[in-house]
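**Q** structure.txt is reproduced in full below (compact mmCIF, C-alpha atoms).
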```
# COMPACT_ATOMS: atom_id res chain seq x y z
CA MET B 1210 -36.69 48.23 -9.88
CA THR B 1211 -36.26 44.49 -9.42
CA ALA B 1212 -32.97 42.73 -10.02
CA PRO B 1213 -33.04 39.77 -12.41
CA LEU B 1214 -32.12 36.32 -11.17
CA ALA B 1215 -29.72 34.05 -13.00
CA SER B 1216 -32.00 31.00 -13.08
CA ASP B 1217 -35.76 30.53 -13.46
CA PRO B 1218 -37.01 32.36 -10.37
CA GLY B 1219 -40.56 31.05 -10.34
CA PRO B 1220 -43.56 33.16 -9.30
CA PRO B 1221 -43.17 35.92 -6.70
CA LEU B 1222 -43.61 34.95 -3.07
CA ILE B 1223 -43.85 38.59 -2.00
CA GLU B 1224 -44.98 41.28 -4.42
CA LEU B 1225 -45.44 44.97 -3.65
CA ARG B 1226 -47.06 47.02 -6.41
CA GLY B 1227 -47.20 50.79 -6.07
CA ILE B 1228 -47.23 50.57 -2.28
CA CYS B 1229 -47.73 53.86 -0.43
CA ARG B 1230 -47.87 54.44 3.31
CA HIS B 1231 -48.78 57.93 4.42
CA TYR B 1232 -49.19 59.33 7.91
CA GLY B 1233 -50.95 62.56 8.84
CA THR B 1234 -52.62 65.09 6.54
CA GLY B 1235 -51.98 68.48 5.02
CA GLU B 1236 -48.67 70.05 6.01
CA ALA B 1237 -48.12 67.22 8.51
CA LEU B 1238 -48.33 64.54 5.80
CA VAL B 1239 -45.42 62.08 5.89
CA ARG B 1240 -44.87 59.79 2.90
CA ALA B 1241 -43.13 56.87 4.60
CA LEU B 1242 -43.45 54.81 1.40
CA ASP B 1243 -44.24 56.28 -2.00
CA GLN B 1244 -45.00 54.03 -4.99
CA VAL B 1245 -42.77 51.14 -3.94
CA ASP B 1246 -42.48 48.14 -6.28
CA LEU B 1247 -40.66 45.10 -4.93
CA ILE B 1248 -40.63 41.40 -5.77
CA ILE B 1249 -39.09 38.74 -3.53
CA ARG B 1250 -39.05 35.13 -4.67
CA ARG B 1251 -38.93 31.90 -2.72
CA GLY B 1252 -35.43 31.07 -1.45
CA GLU B 1253 -33.98 34.57 -1.65
CA PHE B 1254 -32.02 36.24 1.15
CA VAL B 1255 -32.77 39.95 0.86
CA ALA B 1256 -31.17 42.64 3.01
CA ILE B 1257 -32.99 45.96 3.23
CA MET B 1258 -30.93 49.02 4.12
CA GLY B 1259 -31.42 52.76 4.26
CA PRO B 1260 -30.99 55.76 6.53
CA SER B 1261 -33.34 56.47 9.41
CA GLY B 1262 -36.75 57.46 8.05
CA SER B 1263 -36.10 55.90 4.64
CA GLY B 1264 -39.11 53.56 4.86
CA LYS B 1265 -37.29 50.26 5.34
CA SER B 1266 -39.00 49.39 8.63
CA THR B 1267 -42.38 50.49 7.25
CA ALA B 1268 -41.89 48.16 4.30
CA MET B 1269 -40.99 45.32 6.69
CA ASN B 1270 -44.13 45.96 8.75
CA ILE B 1271 -46.30 45.81 5.65
CA ILE B 1272 -44.62 42.62 4.42
CA GLY B 1273 -45.19 41.12 7.88
CA CYS B 1274 -48.88 42.16 7.87
CA LEU B 1275 -48.24 44.29 10.96
CA ASP B 1276 -49.31 47.42 9.06
CA ARG B 1277 -51.49 48.12 6.04
CA PRO B 1278 -50.58 50.31 3.06
CA SER B 1279 -52.43 53.52 2.29
CA ALA B 1280 -52.51 52.56 -1.39
CA GLY B 1281 -51.15 49.93 -3.74
CA HIS B 1282 -51.24 46.13 -3.72
CA TYR B 1283 -49.45 43.57 -1.57
CA LEU B 1284 -49.63 39.96 -2.76
CA PHE B 1285 -48.28 37.10 -0.66
CA ASN B 1286 -47.90 33.87 -2.61
CA GLY B 1287 -50.40 35.27 -5.12
CA VAL B 1288 -53.02 36.29 -2.51
CA GLU B 1289 -54.08 39.94 -2.28
CA ILE B 1290 -53.60 40.85 1.37
CA ALA B 1291 -56.16 43.67 1.21
CA ASP B 1292 -58.85 41.03 0.56
CA LEU B 1293 -58.12 39.24 3.86
CA THR B 1294 -59.95 39.90 7.10
CA GLN B 1295 -58.06 40.82 10.25
CA ASP B 1296 -58.37 37.22 11.47
CA GLN B 1297 -57.08 35.87 8.16
CA ARG B 1298 -54.07 38.19 8.30
CA ALA B 1299 -53.38 36.95 11.83
CA LEU B 1300 -53.50 33.35 10.55
CA LEU B 1301 -51.13 34.25 7.71
CA ARG B 1302 -48.64 35.66 10.24
CA ARG B 1303 -49.02 32.61 12.47
CA HIS B 1304 -48.61 29.95 9.78
CA TYR B 1305 -46.47 31.49 7.05
CA LEU B 1306 -44.25 34.15 8.65
CA GLY B 1307 -41.55 33.95 11.30
CA PHE B 1308 -40.32 37.09 13.08
CA VAL B 1309 -36.94 37.90 14.64
CA PHE B 1310 -36.49 41.31 16.27
CA GLN B 1311 -33.61 43.37 17.62
CA GLY B 1312 -34.93 42.78 21.14
CA PHE B 1313 -35.02 39.05 21.68
CA ASN B 1314 -38.54 39.15 23.22
CA LEU B 1315 -38.01 35.97 25.23
CA LEU B 1316 -40.05 35.15 28.32
CA ALA B 1317 -37.93 35.48 31.46
CA ARG B 1318 -37.72 32.57 33.90
CA THR B 1319 -38.87 30.34 31.05
CA SER B 1320 -36.58 27.78 29.46
CA ALA B 1321 -35.28 28.02 25.92
CA LEU B 1322 -37.37 24.96 25.05
CA GLU B 1323 -40.56 26.50 26.44
CA ASN B 1324 -39.88 29.80 24.65
CA VAL B 1325 -39.54 27.97 21.34
CA GLU B 1326 -42.66 25.87 21.98
CA LEU B 1327 -44.83 28.96 22.47
CA PRO B 1328 -45.98 29.44 18.83
CA LEU B 1329 -46.95 25.76 18.67
CA ILE B 1330 -49.14 26.15 21.76
CA TYR B 1331 -51.10 28.84 19.90
CA LYS B 1332 -51.47 26.42 17.00
CA GLY B 1333 -52.83 23.68 19.27
CA VAL B 1334 -49.95 21.26 18.59
CA PRO B 1335 -49.90 18.34 21.09
CA ARG B 1336 -47.28 18.51 23.86
CA LEU B 1337 -44.99 15.69 22.74
CA GLU B 1338 -44.90 16.97 19.17
CA ARG B 1339 -44.29 20.52 20.43
CA GLU B 1340 -41.32 19.40 22.46
CA ALA B 1341 -39.82 17.35 19.63
CA ARG B 1342 -40.16 20.21 17.14
CA ALA B 1343 -38.75 22.74 19.59
CA ARG B 1344 -35.74 20.53 20.30
CA ALA B 1345 -35.13 20.13 16.56
CA ALA B 1346 -35.35 23.91 16.03
CA LEU B 1347 -32.87 24.58 18.84
CA ALA B 1348 -30.50 21.98 17.39
CA LYS B 1349 -30.75 23.69 14.00
CA VAL B 1350 -29.38 26.92 15.51
CA GLY B 1351 -26.66 25.13 17.48
CA LEU B 1352 -28.20 25.10 20.96
CA GLU B 1353 -28.25 21.40 21.77
CA GLY B 1354 -27.82 20.98 25.50
CA ARG B 1355 -29.18 24.45 26.27
CA GLU B 1356 -32.87 23.51 26.13
CA HIS B 1357 -33.45 24.03 29.87
CA HIS B 1358 -31.49 27.26 30.29
CA ASP B 1359 -33.56 30.40 30.82
CA PRO B 1360 -32.57 33.68 29.11
CA SER B 1361 -30.54 34.91 32.11
CA GLN B 1362 -28.26 31.87 31.67
CA LEU B 1363 -27.63 32.57 27.98
CA SER B 1364 -25.42 35.09 26.18
CA GLY B 1365 -27.00 37.70 23.93
CA GLY B 1366 -26.07 35.68 20.87
CA GLN B 1367 -27.59 32.53 22.35
CA GLN B 1368 -30.77 34.40 23.24
CA GLN B 1369 -31.06 35.56 19.64
CA ARG B 1370 -30.57 31.97 18.49
CA VAL B 1371 -33.49 30.96 20.71
CA ALA B 1372 -35.53 33.72 19.08
CA ILE B 1373 -34.58 32.40 15.63
CA ALA B 1374 -35.52 28.86 16.66
CA ARG B 1375 -38.89 30.16 17.89
CA ALA B 1376 -39.44 31.84 14.53
CA LEU B 1377 -38.52 28.62 12.70
CA VAL B 1378 -40.46 26.10 14.76
CA GLY B 1379 -43.69 26.74 12.87
CA ALA B 1380 -42.00 26.04 9.51
CA PRO B 1381 -42.73 29.50 8.03
CA MET B 1382 -42.37 30.31 4.35
CA VAL B 1383 -40.57 33.57 5.18
CA LEU B 1384 -38.31 34.64 8.04
CA LEU B 1385 -38.51 38.38 8.69
CA ALA B 1386 -35.54 39.71 10.68
CA ASP B 1387 -35.63 43.33 11.85
CA GLU B 1388 -32.13 44.44 12.95
CA PRO B 1389 -31.39 40.93 14.31
CA THR B 1390 -27.82 41.86 15.32
CA GLY B 1391 -28.57 45.36 16.62
CA ASN B 1392 -28.06 44.41 20.28
CA LEU B 1393 -25.00 42.22 19.76
CA ASP B 1394 -21.25 42.74 19.59
CA THR B 1395 -19.32 42.07 16.39
CA HIS B 1396 -18.40 38.46 17.18
CA ARG B 1397 -21.92 37.41 18.15
CA SER B 1398 -23.37 39.36 15.23
CA GLN B 1399 -21.25 37.29 12.86
CA GLU B 1400 -22.44 34.11 14.58
CA ILE B 1401 -26.08 35.09 14.03
CA MET B 1402 -25.43 35.94 10.39
CA GLU B 1403 -23.78 32.56 9.89
CA VAL B 1404 -26.92 30.91 11.29
CA LEU B 1405 -29.19 32.90 8.96
CA THR B 1406 -26.94 32.28 5.94
CA ARG B 1407 -26.92 28.54 6.63
CA LEU B 1408 -30.71 28.42 7.02
CA ASN B 1409 -31.09 30.17 3.68
CA ARG B 1410 -28.43 28.19 1.84
CA ASP B 1411 -29.07 24.71 3.24
CA ASP B 1412 -32.79 24.79 4.05
CA GLY B 1413 -33.93 27.22 1.35
CA ILE B 1414 -35.72 29.49 3.83
CA THR B 1415 -36.66 32.87 2.37
CA ILE B 1416 -35.18 35.62 4.53
CA VAL B 1417 -35.94 39.34 4.50
CA MET B 1418 -33.68 41.29 6.85
CA VAL B 1419 -33.64 44.97 7.75
CA THR B 1420 -30.22 46.17 8.89
CA HIS B 1421 -28.17 49.35 9.09
CA GLU B 1422 -24.86 47.46 9.10
CA GLU B 1423 -23.16 46.94 5.74
CA ASP B 1424 -21.09 43.99 6.94
CA MET B 1425 -24.29 42.20 8.02
CA ALA B 1426 -26.03 43.02 4.73
CA ALA B 1427 -23.05 41.51 2.90
CA HIS B 1428 -24.28 38.04 3.93
CA ALA B 1429 -27.44 38.43 1.84
CA SER B 1430 -27.67 37.46 -1.80
CA ARG B 1431 -29.52 40.66 -2.65
CA LEU B 1432 -29.43 44.22 -1.33
CA VAL B 1433 -32.38 46.62 -1.52
CA THR B 1434 -31.72 50.21 -0.43
CA PHE B 1435 -34.51 52.60 0.54
CA VAL B 1436 -34.18 56.39 0.44
CA ASP B 1437 -37.02 58.82 1.20
CA GLY B 1438 -39.71 56.17 0.85
CA HIS B 1439 -38.46 54.86 -2.50
CA VAL B 1440 -36.38 51.88 -3.60
CA ALA B 1441 -33.18 53.66 -4.60
CA GLN B 1442 -31.14 50.54 -5.43
CA ASP B 1443 -31.85 46.84 -5.91
CA LYS B 1444 -28.89 44.65 -6.76
CA MET B 1445 -27.69 41.08 -6.53
CA GLN B 1446 -24.57 40.45 -4.43
CA THR B 1447 -22.47 37.89 -6.22
CA GLU B 1448 -19.82 37.73 -3.49
CA ARG B 1449 -21.58 36.90 -0.23
CA ALA B 1450 -19.76 37.20 3.09
CA ARG B 1451 -18.78 33.90 4.64
```
Take the structure in this file and express it as C-alpha cells.
**A**
Amino acid sequence: MTAPLASDPGPPLIELRGICRHYGTGEALVRALDQVDLIIRRGEFVAIMGPSGSGKSTAMNIIGCLDRPSAGHYLFNGVEIADLTQDQRALLRRHYLGFVFQGFNLLARTSALENVELPLIYKGVPRLEREARARAALAKVGLEGREHHDPSQLSGGQQQRVAIARALVGAPMVLLADEPTGNLDTHRSQEIMEVLTRLNRDDGITIVMVTHEEDMAAHASRLVTFVDGHVAQDKMQTERAR
C-alpha cells in the first residue's frame, strides 16, 4: 500500500515490487520480507518502523544495495537493480546513496574534515576540491570551527553530525539513516533530527530512516510500518515534529 501525495509526485525514485527476502530452507525458512511493495519519490522523508524481526532493516539493506532480494523487482530511478553487476551496484552506492548508521563509524585519531573527505578520495576528487566540499558539508550540519577535532574531542551528537556530513559530501540522491539516534540521549537525538529535517525541507534531500522511536519518526513526512515481513501501514504525517 502506498500513500498518495497531495501534489504531482513525479516518477518513483525507489520502487519495490513484490520484494521477498528469504533465509534458510525447509523448516528453517525465514521470510524476512514477503511480497513487499513500496514506492518512495524524490524529496520524501520516510520513516520506517516495526518490531524486531519485522523486516525493516532488511528492506533498508535492499534499498541500499547491501543485500539482494530473493524475488521481486527493485528499481532505483527507473533502473532494475538486478540487471546491474556487482561493480555497478558498488558505483550506485558510491555516487547516489549516502549512509548514516547507529554507530558513527568514524576513523579515530582522524579529524572531522578528513573523515568527511574520505568518500571523495575514493572518487578521485582533487585535494583542494575535497577540502572545500568537506568544509561546506560540515558547515551544513553546524560544525564550523570543529573541522580539526578528532572523534574523541566531539560529543556523540557532534560525531553523528560528522557522519551525516560524510554521507552528504558526495551529493547523494538518497540519504539512508539506520537508527541514527540509537546511541544518543534525548537532547542530542532531537538535534540530529532537526539536522535531518532541515536537509529534507531546505535542500530537498530524499531521506529514508529506520527507527524504533516514535518521537524520532514523528519528524518524517511519511511513516511506513513493517510487521512480519509485510508493510502493515503506510501513511502521510501531516503534523511533523518541529
**Q** For Ile1228 (chain B), work out the shell of residues within 8 Å, counting all atoms listed in the file and skipping chain neighbours fewer than 6 positions away, then give it as a PyMOL selection string.
**A** chain B and resi 1242-1246+1278-1283
**Q** In Å to one decimal, how far is CA of His1439 (chain B) from CA of Arg1230 (chain B)?
**A**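 Between CA of Arg1230 (chain B) and CA of His1439 (chain B) the gap is 11.1 Å.
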**Q** Check the smallest atom-to-atom distance from each of B:Leu1293, B:Ile1249, B:Ala1256, B:Val1378 to Val1433 (chain B) using all atoms listed in the file, then report the winner.
**A**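 Distance minimum relative to Val1433 (chain B) lands on B:Ala1256.
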**Q** Once you count all atoms listed in the file, which residues end up no further than 6 Å from (-34.8, 51.9, 2.5) in the file's frame, shown as an MDAnalysis selection string?
**A** chainID B and resid 1258:1259 1263:1265 1434:1436
**Q** Generate the output file for the selected residues, C-alpha atoms, as an mmCIF file, in the frame of the given file.
**A**
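What ended up in again34.cif:
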```
data_model
loop_
_atom_site.group_PDB
_atom_site.id
_atom_site.type_symbol
_atom_site.label_atom_id
_atom_site.label_comp_id
_atom_site.auth_asym_id
_atom_site.auth_seq_id
_atom_site.Cartn_x
_atom_site.Cartn_y
_atom_site.Cartn_z
ATOM 1 C CA MET B 1258 -30.930 49.020 4.120
ATOM 2 C CA GLY B 1259 -31.420 52.760 4.260
ATOM 3 C CA SER B 1263 -36.100 55.900 4.640
ATOM 4 C CA GLY B 1264 -39.110 53.560 4.860
ATOM 5 C CA LYS B 1265 -37.290 50.260 5.340
ATOM 6 C CA THR B 1434 -31.720 50.210 -0.430
ATOM 7 C CA PHE B 1435 -34.510 52.600 0.540
ATOM 8 C CA VAL B 1436 -34.180 56.390 0.440
#
```
**Q** Measure the distance from CA of Phe1285 (chain B) to CA of Ile1223 (chain B) in Å and round it to one decimal.
**A** 4.9 Å
**Q** What does the distance from CA of Leu1377 (chain B) to CA of Gln1446 (chain B) come to in Å, to one decimal?
**A** 25.1 Å
